[in-house]
Structures are given as structure tokens and as C-alpha cells.
>>> print(open('model-v2.txt').read())   # compact mmCIF, C-alpha atoms
# COMPACT_ATOMS: atom_id res chain seq x y z
CA MET A 674 101.17 99.29 41.23
CA GLY A 675 100.44 95.68 40.42
CA ASN A 676 99.30 93.76 37.38
CA HIS A 677 96.35 91.43 37.12
CA LYS A 678 97.41 88.62 34.81
CA GLY A 679 95.44 85.49 34.42
CA GLY A 680 93.27 86.11 37.54
CA PHE A 681 96.10 86.69 40.04
CA MET A 682 97.78 89.73 41.46
CA GLN A 683 101.44 90.22 40.72
CA TYR A 684 103.61 92.93 42.27
CA LYS A 685 107.30 93.29 41.48
CA GLY A 686 107.40 89.79 40.09
CA VAL A 687 105.76 88.14 43.13
CA ASN A 688 102.51 86.19 42.67
CA TYR A 689 99.93 87.19 45.33
CA SER A 690 97.01 85.14 44.03
CA GLU A 691 94.49 83.58 46.41
CA GLU A 692 95.55 80.10 45.31
CA ARG A 693 99.15 80.77 46.32
CA LYS A 694 98.36 81.99 49.83
CA GLN A 695 99.37 79.62 52.57
CA VAL A 696 97.68 79.39 55.92
CA ASP A 697 99.88 80.24 58.89
CA ARG A 698 99.35 77.08 60.93
CA ARG A 699 100.96 78.51 64.08
CA PHE A 700 97.74 80.28 64.96
CA VAL A 701 95.18 77.82 63.62
CA SER A 702 94.10 74.98 65.85
CA SER A 703 93.12 71.71 64.27
CA LYS A 704 90.66 71.11 67.12
CA PRO A 705 87.54 73.19 67.61
CA ARG A 706 87.80 75.44 70.62
CA ARG A 707 85.97 74.04 73.63
CA THR A 708 84.17 76.72 75.57
CA TRP A 709 81.14 76.50 77.80
CA GLN A 710 78.78 78.87 79.50
CA VAL A 711 77.67 78.84 83.10
CA ALA A 712 73.99 77.87 83.29
CA LYS A 713 73.57 78.11 87.06
CA ILE A 714 75.72 79.87 89.65
CA TRP A 715 77.19 77.50 92.22
CA SER A 716 79.16 78.31 95.36
CA GLN A 717 82.44 78.00 93.46
CA HIS A 718 81.20 80.57 90.95
CA GLU A 719 80.20 82.88 93.80
CA GLU A 720 83.75 82.67 95.15
CA ILE A 721 85.18 83.48 91.72
CA ILE A 722 82.78 86.44 91.41
CA ARG A 723 83.82 87.68 94.87
CA ARG A 724 87.50 87.44 94.00
CA LEU A 725 87.00 89.17 90.65
CA THR A 726 85.11 91.96 92.39
CA LEU A 727 88.06 92.38 94.76
CA GLY A 728 90.32 92.81 91.72
CA GLN A 729 92.18 89.50 91.66
CA LYS A 730 93.60 88.33 88.33
CA ASN A 731 92.46 85.14 86.62
CA THR A 732 95.83 83.49 87.26
CA GLU A 733 95.69 84.27 90.99
CA ILE A 734 92.17 82.88 91.28
CA ALA A 735 93.04 79.79 89.27
CA SER A 736 96.08 78.90 91.36
CA SER A 737 94.35 79.47 94.70
CA MET A 738 91.24 77.48 93.74
CA ASN A 739 93.09 74.68 91.89
CA LEU A 740 91.41 75.49 88.58
CA SER A 741 92.88 76.22 85.18
CA LYS A 742 93.16 79.73 83.77
CA ALA A 743 90.88 78.64 80.93
CA GLN A 744 88.17 77.58 83.38
CA ILE A 745 88.33 80.93 85.17
CA SER A 746 88.25 82.76 81.84
CA ASN A 747 85.22 80.76 80.65
CA ILE A 748 83.40 81.35 83.93
CA ARG A 749 84.27 85.05 83.90
CA ASN A 750 83.06 85.53 80.31
CA SER A 751 79.74 83.72 80.79
CA PRO A 752 76.77 86.11 80.45
CA ILE A 753 75.22 85.08 83.79
CA ILE A 754 78.53 85.75 85.58
CA GLN A 755 79.01 89.05 83.74
CA GLU A 756 75.57 90.14 84.94
CA ARG A 757 76.36 89.19 88.55
CA LEU A 758 79.76 90.91 88.34
CA ALA A 759 78.07 94.13 87.19
CA ILE A 760 75.70 93.97 90.18
CA MET A 761 78.55 93.29 92.62
CA LYS A 762 80.73 96.08 91.21
CA GLY A 763 77.79 98.47 91.41
CA ALA A 764 77.24 97.54 95.05
CA ARG A 765 80.96 97.93 95.76
CA ASP A 766 80.99 101.38 94.15
CA ALA A 767 77.89 102.45 96.11
CA TYR A 768 79.50 101.26 99.34
CA THR A 769 82.65 103.20 98.51
CA LEU A 770 80.61 106.35 97.96
CA ASP A 771 78.84 105.79 101.30
CA ILE A 772 82.18 105.52 103.09
CA ALA A 773 83.46 108.68 101.39
CA ARG A 774 80.32 110.54 102.49
CA ASP A 775 80.70 109.28 106.08
CA ILE A 776 84.33 110.40 106.18
CA LYS A 777 83.39 113.82 104.85
CA GLU A 778 80.70 114.19 107.52
CA PHE A 779 83.04 112.98 110.28
CA ALA A 780 86.04 115.13 109.29
CA PRO A 781 84.99 118.32 111.14
CA LYS A 782 84.51 116.37 114.41
CA ALA A 783 87.88 114.67 114.01
CA LEU A 784 89.54 118.00 113.28
CA GLU A 785 88.04 119.49 116.43
CA VAL A 786 89.39 116.60 118.52
CA LEU A 787 92.83 117.07 116.99
CA LYS A 788 92.70 120.79 117.76
CA GLN A 789 91.83 119.99 121.38
CA ILE A 790 94.79 117.63 121.62
CA VAL A 791 97.17 120.22 120.20
CA ASN A 792 95.79 122.85 122.60
CA GLY A 793 96.18 120.46 125.54
CA GLU A 794 92.43 120.24 126.20
CA ASP A 795 91.00 116.83 126.98
CA SER A 796 87.45 116.05 128.05
CA SER A 797 88.62 113.03 130.07
CA GLY A 798 90.83 115.15 132.29
CA LEU A 799 93.93 113.09 131.51
CA PRO A 800 97.07 115.02 130.68
CA ILE A 801 98.12 115.06 127.04
CA GLY A 802 101.82 114.41 126.53
CA PRO A 803 104.01 116.59 124.34
CA SER A 804 104.88 113.73 121.98
CA LEU A 805 101.19 113.18 121.14
CA LYS A 806 100.74 116.91 120.62
CA ALA A 807 103.76 116.99 118.33
CA ARG A 808 102.58 114.00 116.27
CA VAL A 809 99.07 115.46 115.84
CA ALA A 810 100.45 118.89 114.96
CA SER A 811 102.86 117.35 112.46
CA ASP A 812 100.05 115.31 110.85
CA LEU A 813 97.84 118.39 110.58
CA LEU A 814 100.62 120.43 109.00
CA ASP A 815 101.41 117.58 106.63
CA ARG A 816 97.79 117.36 105.47
CA ALA A 817 97.65 121.15 105.07
CA GLY A 818 100.57 121.00 102.64
CA TYR A 819 103.34 121.95 105.06
CA ALA A 820 105.10 118.62 105.10
CA PRO A 821 108.60 118.41 106.52
CA VAL A 822 111.45 118.27 104.04
CA ARG A 823 112.20 114.64 103.35
CA ASN A 824 115.18 114.87 100.98
CA VAL A 825 117.70 117.65 100.89
CA GLN A 826 120.08 117.83 97.97
CA VAL A 827 123.28 119.58 98.86
CA GLN A 828 125.97 120.49 96.42
CA GLY A 829 129.24 121.71 97.73
CA ALA A 830 132.77 122.26 96.72
CA HIS A 831 135.83 121.43 98.66
CA VAL A 832 138.45 124.12 98.14
CA HIS A 833 141.84 124.73 99.65
CA LEU A 834 142.52 128.44 99.99
CA THR A 835 145.77 130.05 100.94
CA LYS A 836 145.96 133.02 103.28
CA SER A 837 146.52 135.33 100.30
CA ASP A 838 143.40 133.86 98.55
CA ILE A 839 141.31 134.60 101.64
CA GLU A 840 142.65 138.15 101.87
CA GLU A 841 141.86 138.70 98.18
CA LEU A 842 138.27 137.44 98.73
CA LYS A 843 137.89 139.81 101.69
CA ARG A 844 139.21 142.74 99.65
CA ARG A 845 136.76 142.03 96.80
CA ALA A 846 133.89 141.62 99.27
CA CYS A 847 134.71 145.01 100.88
CA VAL A 848 134.59 146.66 97.49
CA ASN A 849 131.23 145.03 96.64
CA GLY A 850 129.40 145.52 99.96
CA PRO A 851 129.38 145.27 103.74
CA VAL A 852 131.39 142.41 105.23
CA ILE A 853 131.61 140.92 108.70
CA ASP A 854 135.26 140.24 109.43
CA ILE A 855 135.78 136.91 111.17
CA GLN A 856 139.12 136.26 112.80
CA ALA A 857 140.37 132.75 112.19
>>> encode(input="model-v2.txt", output="C-alpha cells")
Amino acid sequence: MGNHKGGFMQYKGVNYSEERKQVDRRFVSSKPRRTWQVAKIWSQHEEIIRRLTLGQKNTEIASSMNLSKAQISNIRNSPIIQERLAIMKGARDAYTLDIARDIKEFAPKALEVLKQIVNGEDSSGLPIGPSLKARVASDLLDRAGYAPVRNVQVQGAHVHLTKSDIEELKRRACVNGPVIDIQA
């Protein structure tokens, strides 16, 4: 592989010693990085936490609140904010699970009402129009996996046949099976 001569590494004639390495100054800042941590949560921080919980990006929050992206990033990465975010996300997830449970419990009642509409039964005594029945029936079929066809791909050929071509097709069809003769 390489040779160690005089305390430096050489490979294919190139000197890779530590003394010869140069620092790539594009990624090294001459100034120390200024960061800060949130010590106490203020109303502005609460708004940032709320927006982060709703899924907004740092850039969106920064532009709408007239703050820099760096400020939002520093606030977001502060331990006290991270702790509050975890609590808020946990509450959001629990609320989502509660809603899902409520929907699951309500679904049989809603299905019964939809069945009554389709059957033309109404507890209020008002007539149910055919368009409402059709919409409800269509929605039910759609949810059951019987959705209407949305896109139909048709491939066809446009052919010009002479009278003799048509007669030949008829003759071959008669040989191969029953044919309904249509007079043109």
C-alpha cells in the first residue's frame, strides 16, 4: 500500500502527512457559533410549540412570526421546548385515538341511518328524494369496494374493409362457430 518515510505517509508518490493537510475553510467558521437555550417559556415560545405540534416547518413559522430560521431552530432544540413538545405530541396522539374510538362506536348508528335513507324510511316523516338515495347508495358501494369505474382505457383499430373482406370474415366465422348474420 503506502510507505512510511520520515514520519509521513506516502502513497503513489503523494505525501499524506499530517503536516501537509490543509483545512477546508469553506466549512469552518472563524466565529464561534452563537446558540442559546430557552430558560423560561414565554407566549411566543408557546405559539412556536403549537405550530410545531401542528406540523409546520421552521421556515413557515419563522416567516409568519417575523423571526429568523436560526431563532426557531434554537428554540425548537432547547431541552425545555423539547420536553413541552413531547407532552403536546402525546396529548395530540391521545386525542386522535379518542376520535378514532368515537368514530368506531358511531359507525353502526350512521350505517343504520344510511340504510334507512336508501330504503326510503325516515323517522321525520319527510319524503326522501331519489337523488339523496342514489348518493347514499353510491357512497356505501364505494366504501364497500364497489367504486364506479373512473378511467376506462379503450384501444381500437380503425379498419376499412371491402365487401369481399367482410364476406371472407363471415365465411371463417361460420367455419369456427355460430354466427348471427347482420344485414348491412
>>> residues_around(input="model-v2.txt", residues="A:Gly802", least_positions_apart="4", cutoff="12 Å", atoms="only C-alpha atoms", output="list in words")
Ile790, Val791, Asn792, Gly793, Glu794, Asp795, Lys806, Ala807, Arg808 and Val809 of chain A
>>> atom_distance(input="model-v2.txt", atom1="atom CA of A:Val711", atom2="atom CA of A:Ile748")
6.3 Å
>>> atom_distance(input="model-v2.txt", atom1="atom CA of A:Ile760", atom2="atom CA of A:Glu778")
27.1 Å
>>> atom_distance(input="model-v2.txt", atom1="atom CA of A:Gln789", atom2="atom CA of A:Arg774")
24.1 Å
>>> closest_residue(input="model-v2.txt", among="A:Leu727, A:Ala712, A:Met738, A:Ala817", to="A:Met761", atoms="all atoms listed in the file")
A:Leu727
>>> axis_aligned_box(input="model-v2.txt", around="stretch 777-793 of chain A", padding_each_side="6 Å", output="lines of an AutoDock Vina configuration file")
center_x = 88.9
center_y = 117.9
center_z = 115.2
size_x = 28.5
size_y = 21.9
size_z = 32.7
>>> residues_around(input="model-v2.txt", residues="A:Asn750", least_positions_apart="2", cutoff="12 Å", atoms="only C-alpha atoms", output="list in words")
Thr708, Trp709, Gln710, Val711, His718, Ile721, Ile722, Leu725, Asn731, Ala743, Gln744, Ile745, Ser746, Asn747, Ile748, Pro752, Ile753, Ile754, Gln755, Glu756, Arg757 and Leu758 of chain A
>>> closest_residue(input="model-v2.txt", among="A:Cys847, A:Ser741, A:Thr726, A:Leu787", to="A:Gly763", atoms="only C-alpha atoms")
A:Thr726
